[in-house]
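What follows is a short report on a single structure.
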Number of protein chains: 2
Amino acid sequence: MTAKVPHTLRSDARDNRDRLLDAARELFSVDGLTVAVRDVARRAGVGPATLYRHFPTKEALVTAAFEDQLRACRDIIDEACADPDPWHGLCQVIERICVLHAQDRGFTEAFLSAYPRAFTAAVGHGHMLEAIADLAGRAQRTGRLRPDFVPDDLVLMLLANKGLQAASPAARPAASRRFAAYIIQALTHGPHNTPLPPPARLATPEPGTG
Amino acid sequence: MTAKVPHTLRSDARDNRDRLLDAARELFSVDGLTVAVRDVARRAGVGPATLYRHFPTKEALVTAAFEDQLRACRDIIDEACADPDPWHGLCQVIERICVLHAQDRGFTEAFLSAYPRAFTAAVGHGHMLEAIADLAGRAQRTGRLRPDFVPDDLVLMLLANKGLQAASPAARPAASRRFAAYIIQALTHGPHNTPLPPPARLATPEPGTG
DNA sequence: GGAGAAACGGACGGGGGCGTCCGTTAGCGT
DNA sequence: ACGCTAACGGACGCCCCCGTCCGTTTCTCC
């Protein structure tokens, strides 16, 4: 029970930790979270035990590796919510998060329920969803966002965008950009809008199975 | 080399084969192709060896299990191509294939490149894509389908729709229906169309990684 | 009803991934 | 320079999955 936490890593340890995070980001971003922990360690030039010493479980490694991306995500949303034009803000959210996800497969999988516990808790999905819902409400009141849009539709679109990662890594950004443009088109309120089927309750995505 | 193929299965064998296909369809449709072959065998009430006797590899089981779905898919497309209103036909393709995929996760994964060899060869993806491209061209000439649509965009949408399978099984059909409606909205030609980013070359989806 | 072959299924080997143990190395403070 | 301890990493156990082998059961045909 005597807390003997050094709070200061030895130089080599700090070094290895950094290299591990870099390696994790590299591998996860291209191949997703299925990459073996061993491969991350090998890429970083350390043994598996070293990795597990720094990150007791794969989930810990994942959350640590994607801290920045998560912050970037939040920044995008905060910025959009502060946009004086809520419709423009919403479009920005869609476009930017889509390409962000397209650029990083691992982050997308982490963000969308591969390790739901870690991420939903860490960032407070709830808060983000609330902010988005508010933004969407304001966008609807401007008349640019179709009135039958519901916030869950945004989750729908994010999940759909994730599906694009089955494409070749090289094609992903272009695919997501084009997809985002289509989505914005679909969300635009206009005289040609055809009625939508009832919204889906996505509440609890099944755990695992990124 | 003496061909001693009975061509007529013993009654119990035929029975087991049917039960295996049923079990495979049930499990694959809900949980996708990640289900262990053992589980399929267990569900069918037979040993693993029996399964492998009927289907020498997992891929063989998958293709056999989804033969009907594949035919249904082709029928949808053929029917749509024969539709006197090509735009209506295209919409039908989108709606029906989206819900077909929403109802059956395993088929979707099989259809979209989890076992590319088996399926692309079996059905001739090429032919289907050609037919769709022709249909889309005709739809564009009616002025209902936006002119900057390219056939690859349909693959884009199918991949995106696949992403919705991360939702709970119960929510999938509703999600896909709504998604399809949004897509059709996005593809509609109208004065409010905003230009799209350049299309993505999806040509060769990476193998594996359903 | 009995012989022969087809079909069955439990047990096995191989591969891969996750997380751990312990003998060894190397940074740090004196 | 030297010892103490943090940090390292190869090797290990465990689990899961795929596909195979062989002794046993069961259908079929006479």
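Naming works like this for the structure tokens: A, B, ... for the chains as they're shown, residue 1 at the start of each chain, ligands 1 onward in shown order.
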
Quick check for you: according to DSSP on this backbone, which residues of range 2-149 of chain A are classed as helix (DSSP H, G or I)? Reply as a PyMOL selection string.
chain A and resi 11-34+37-44+48-54+58-65+67-82+86-103+105-114+116-142

For DT30 in chain C, please output as a ChimeraX atom specification all residues within 12 Å (counting only C-alpha atoms (C1' of nucleotides); exclusion window: fewer than 3 positions along the same chain).
/D:1-4

Using C-alpha atoms (C1' of nucleotides), can you write the selected residues to a file as a short mmCIF file (atom, residue, chain, number, x, y, z; two decimals), in the first residue's frame?
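Wrote it out as selection_17.cif, contents follow:
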```cif
data_model
loop_
_atom_site.label_atom_id
_atom_site.label_comp_id
_atom_site.auth_asym_id
_atom_site.auth_seq_id
_atom_site.Cartn_x
_atom_site.Cartn_y
_atom_site.Cartn_z
"C1'" DA D 1 33.35 3.86 -10.84
"C1'" DC D 2 29.92 1.07 -8.74
"C1'" DG D 3 25.92 -0.86 -6.99
"C1'" DC D 4 20.92 -0.71 -6.90
#
```

With 7 Å as the limit and counting only C-alpha atoms, what residues in chain B lie close to chain A? Please list them as a ChimeraX atom specification.
/B:156,159-164,166-168,171,174-175,177-178,181-183,185-186,193,196-202,204-206

Determine, for each residue of chain A having at least one atom at most 7 Å from an atom of chain D, the closest pair of atoms and their separation in Å to one decimal, counting only C-alpha atoms (C1' of nucleotides); order by chain and ascending number, as a tab-separated table.
```
residue	atom	partner	partner_atom	distance
A:Ala13	CA	D:DA7	C1'	6.7
A:Gly47	CA	D:DG9	C1'	4.9
A:Ala49	CA	D:DG9	C1'	6.5
A:Thr50	CA	D:DC8	C1'	6.5
```

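Coordinates place CA of Leu20 in chain B at a distance of 6.5 Å from CA of Ala41 in chain B.
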
Work out how far C1' of DG19 in chain C is from CA of Glu59 in chain A, in Å to one decimal.
12.4 Å

Residues of chain C near chain B: apply a cut-off of 9 Å, count only C-alpha atoms (C1' of nucleotides), and supply the list as a ChimeraX atom specification.
/C:6-10

Given the selection you just returned, output its residues as a file containing C-alpha atoms (C1' of nucleotides), formatted as a compact mmCIF listing (two decimals), in the first residue's frame.
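Writing done, so here's selection38.txt:
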```txt
# COMPACT_ATOMS: atom_id res chain seq x y z
C1' DA C 6 -20.89 -44.84 -46.79
C1' DA C 7 -21.15 -41.65 -43.27
C1' DC C 8 -20.27 -40.17 -38.57
C1' DG C 9 -17.68 -37.83 -34.68
C1' DG C 10 -14.29 -37.54 -31.01
```
